[in-house]
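Working notes, beginning with the structure itself.
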Amino acid sequence: MRILVDEEGLEWDEAWEITRKTCAYTNHTIMAEALEKWPIELFSRLLPRVYQIVEEINRRFVIEIQNKYPGDQEKIRKMAILYDGQVRMAHLAIAGSYSVNGVARLHTDILKKRELKDFYEMMPEKFNNKTNGITQRRFLLHGNPLLASWVTDKIGDDWITNLDHLKHLKVYVDDEKCQQEFMNIKYQNKVRLAKYIKEHNGIDVDPRSIFDCQVKRLHEYKRQLMNILHVMYLYNEIKAHPDMDIVPRTFIFGAKAAADYYTAKLTIKLINAVADKINNDPSINGKIKVVFIEDYRVSNAELIFAAADVSEQISTASKEASGTGNMKFMLNGAPTLGTMDGANVEIVDEVGAENAFIFGMSSEEVINYENNGGYHPYEIYQNDKDIHEVLDQLVDGTYANGDPELYKDLYQSLLFGDTGSQADMYFILKDFRSYAEAQKKVEEAYRDTKGWAKMAMTNTAGCGKFSSDRTIQEYVDDIWHLDKIR
């Protein structure tokens, strides 16, 4: 608008029409801290001319709202671009765009029904979904050359530019020889990752154990904390029942935390402390190991995706817009252990619920608790002795070299909440038992070698939809309307 009005000399209406036809808005998250709101005082001081333009966009948009909903002040409160001393950037993006999309079917539904409900009601024609994708050329062809060669050997190399061709692998999922080949490749990739872990972490891990992996940004809604609390619970079980027959398990974490994200840093501290204790306890005979991969990035992610047996996608339902790690694990033959959140919903559609391990509350249940209250984590703590024991270990010095204060804030946030926030905002204790049951099912399934191989292969074969080639083609066809250049 500034360029068209100030530098090109266009009248407002013509400039606004061009702007609106030029811009499209993709929403990547519903987390409040990522939907930018800027103080008007700061914005107007730093960008005086741009602020004048935003003011005029807002004035006219408010008139549009008033014309559509006469006398409805509540609509203006909810939808105005400038309100309560803030510039609401998402509202500006919607007003100034011809298309608004989410990045997974569930995410887009939540935008329409909840986060951006008023905008959807006023301009439904703008809203559409584009489920994210990943590039198979990086995460299979380059990252897992052994599996890539095997796939090409079976179905040719068309999958490299048309991932949908992976569906032709389905004829092999019951073939015992193919199952053995597939699992042998997985084993070799596990050996490769074990070598990396030995070099970088100094920890010996058994490639015959289940490689259970959660690698992604560290955020409370992604619930790395639930994962490590479950590891603590499992360790307690093994200590209490030394003869317990379990398939050895290696829990692999990889994450980065934002520089000032205290809770995230504390969670990383806890994961490493638990790893230190468990990995150095000879009495459990290596039944479980815990590894935190430092400096998590695409190059070591490739090693992890190729080697993973289990893909942990355990965000609180309704919070993960899409996720793409879930797709990278799937492509490399790791079944999803997860909630019905983000693109997990569509992954389960593609492979069938019998080829995933789904647990936890639905997004509707989560949203219902958030809107109406009624969740009391302290009751769970009081009534479930295992959860009670694990949480007490956060504040009795078990994992803190005798410093009971170290993880007090994690304990506090789960049971009593932080200043101004509810207790256990992300429903870790609520979903914990369901998660623990799903983990038991993983172990049972893994003991059935052929069944597991079939499940892993079915995941790879079902991954065709999740190529970024398909995603980008949908943007091209439905939003950008570009012609293909040959």
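Numbering starts fresh at 1 for the residues of each chain in the structure tokens, the chains themselves are lettered A, B, ... in the order given, and ligands are numbered from 1 as they appear.
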Could you build a table of the residues in stretch 206-264 of chain A lying no more than 10 Å from stretch 383-401 of chain A, giving for each the nearest pair of atoms and their separation in Å rounded to one decimal place, using only C-alpha atoms, ordered by chain and ascending residue number, as a tab-separated table?
```
residue	atom	partner	partner_atom	distance
A:Leu229	CA	A:Val390	CA	6.7
A:His230	CA	A:Val390	CA	8.4
A:Val231	CA	A:Val390	CA	9.6
A:Met232	CA	A:Val390	CA	6.5
A:Tyr233	CA	A:Val390	CA	6.0
A:Leu234	CA	A:Asp386	CA	9.7
A:Tyr235	CA	A:Val390	CA	9.9
A:Asn236	CA	A:Val390	CA	8.2
A:Glu237	CA	A:Asp386	CA	9.0
```
Next on the checklist: Let's see if you can do this: from backbone DSSP, list all alpha helix (DSSP H) residues in stretch 190-413 of chain A, as a ChimeraX atom specification.
Outcome noted: /A:190-201,224-240,262-279,298-307,325-331,344-351,363-372,377-383,385-395,408-413
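Straight-line separation from atom CA of A:Val290 to atom CA of A:Val348: 27.8 Å.
Nearest residue to A:Lys440 among A:Ile246, A:Ala34, A:Leu225, A:Val298 is A:Ile246, counting only C-alpha atoms.
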Checklist entry - Which is closest to A:Ala307 among A:Lys195, A:His481, A:His376, A:His200, if we use only C-alpha atoms? => result A:Lys195
Next on the checklist: List as a list of chain:residue names the protein and nucleic acid residues near A:Arg208, meaning an atom at most 12 Å away when only C-alpha atoms are counted, but skip any in the same chain fewer than 6 places from it.
Outcome noted: A:Met183, A:Asn184, A:Lys186, A:Tyr187, A:Gln188, A:Asn189, A:Lys190, A:Val191, A:Ala194, A:Val247, A:Pro248, A:Arg249, A:Thr250, A:Gly286, A:Lys287, A:Ile288, A:Ala307, A:Ala308, A:Asp309, A:Tyr446, A:Arg447
Item to check | Neighbour list for A:Gly325 as a ChimeraX atom specification, cut-off 10 Å, only C-alpha atoms, skip fewer than 3 positions in-chain | outcome: /A:133-134,214-216,301,305,311-313,322,328-331
Next, write the just-selected residues to a file, as a compact mmCIF listing (two decimals), in the first residue's frame, keeping N, CA and C atoms as the atom set.
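Now in part.txt:
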```txt
# COMPACT_ATOMS: atom_id res chain seq x y z
N GLY A 133 3.82 -30.73 3.52
CA GLY A 133 4.51 -31.90 2.98
C GLY A 133 6.01 -31.78 3.23
N ILE A 134 6.71 -32.84 2.86
CA ILE A 134 8.17 -32.88 3.03
C ILE A 134 8.79 -33.28 1.70
N GLN A 214 11.77 -38.81 19.72
CA GLN A 214 11.02 -37.55 19.68
C GLN A 214 12.00 -36.43 19.37
N VAL A 215 11.98 -35.98 18.13
CA VAL A 215 12.87 -34.88 17.74
C VAL A 215 12.04 -33.78 17.09
N LYS A 216 12.14 -32.58 17.65
CA LYS A 216 11.37 -31.42 17.19
C LYS A 216 11.74 -30.25 18.10
N ALA A 301 19.24 -35.06 11.90
CA ALA A 301 17.86 -35.55 11.81
C ALA A 301 17.74 -36.67 10.78
N PHE A 305 15.77 -40.07 11.56
CA PHE A 305 14.57 -40.53 10.84
C PHE A 305 14.79 -41.92 10.24
N SER A 311 7.86 -43.20 16.13
CA SER A 311 7.80 -41.76 15.91
C SER A 311 6.88 -41.13 16.95
N GLU A 312 7.45 -40.39 17.90
CA GLU A 312 6.68 -39.78 18.99
C GLU A 312 6.09 -38.44 18.52
N GLN A 313 4.76 -38.39 18.41
CA GLN A 313 4.06 -37.18 17.95
C GLN A 313 2.94 -36.91 18.95
N SER A 322 0.44 -28.68 12.18
CA SER A 322 0.61 -29.79 11.24
C SER A 322 1.66 -30.77 11.73
N LYS A 328 8.32 -37.33 8.06
CA LYS A 328 9.68 -37.81 7.78
C LYS A 328 9.92 -39.17 8.41
N PHE A 329 9.40 -39.36 9.63
CA PHE A 329 9.48 -40.67 10.28
C PHE A 329 8.69 -41.71 9.49
N MET A 330 7.48 -41.33 9.10
CA MET A 330 6.59 -42.24 8.35
C MET A 330 7.26 -42.71 7.06
N LEU A 331 7.85 -41.76 6.33
CA LEU A 331 8.51 -42.07 5.07
C LEU A 331 9.61 -43.12 5.26
```
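Proximity of A:Lys222, A:Arg486, A:Leu106, A:Asp424 to A:Ser362, computed with only C-alpha atoms, is greatest for A:Leu106.
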Under the rule of at most 8 Å, produce a per-residue listing of stretch 65-108 of chain A near stretch 112-126 of chain A: chain, number, name, the closest pair of atoms, and the distance in Å, as CSV, using only C-alpha atoms.
```
residue,atom,partner,partner_atom,distance
A:Lys68,CA,A:Met122,CA,7.8
A:Lys75,CA,A:Asp118,CA,7.3
A:Lys78,CA,A:Asp118,CA,7.6
A:Met79,CA,A:Asp118,CA,7.1
A:Ile94,CA,A:Phe119,CA,7.8
A:Tyr98,CA,A:Lys126,CA,5.9
A:Ser99,CA,A:Lys126,CA,4.5
A:Val100,CA,A:Lys126,CA,5.6
A:Thr108,CA,A:Lys112,CA,6.3
```
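Proximity of A:Leu47, A:Val291, A:Ile314, A:Leu35 to A:Ile271, computed with only C-alpha atoms, is greatest for A:Val291.
With only C-alpha atoms as the atoms that count, the residue of A:Val171, A:Ile160, A:Ile81, A:Ile293 with the shortest distance to A:Lys198 is A:Ile293.
The residue that comes closest to A:Ile228, out of A:Glu350, A:Arg60, A:Ala436, A:Gln86 and on the basis of only C-alpha atoms, is A:Ala436.
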Next on the checklist: Taking the DSSP secondary structure from the backbone, can you list the residues of stretch 206-431 of chain A that are strand (DSSP E), as a PyMOL selection string?
Outcome noted: chain A and resi 210-215+249-254+288-293+310-313+336-338+357-358
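Picture a line from atom CA of A:Thr131 to atom CA of A:Lys167; it runs 19.0 Å.
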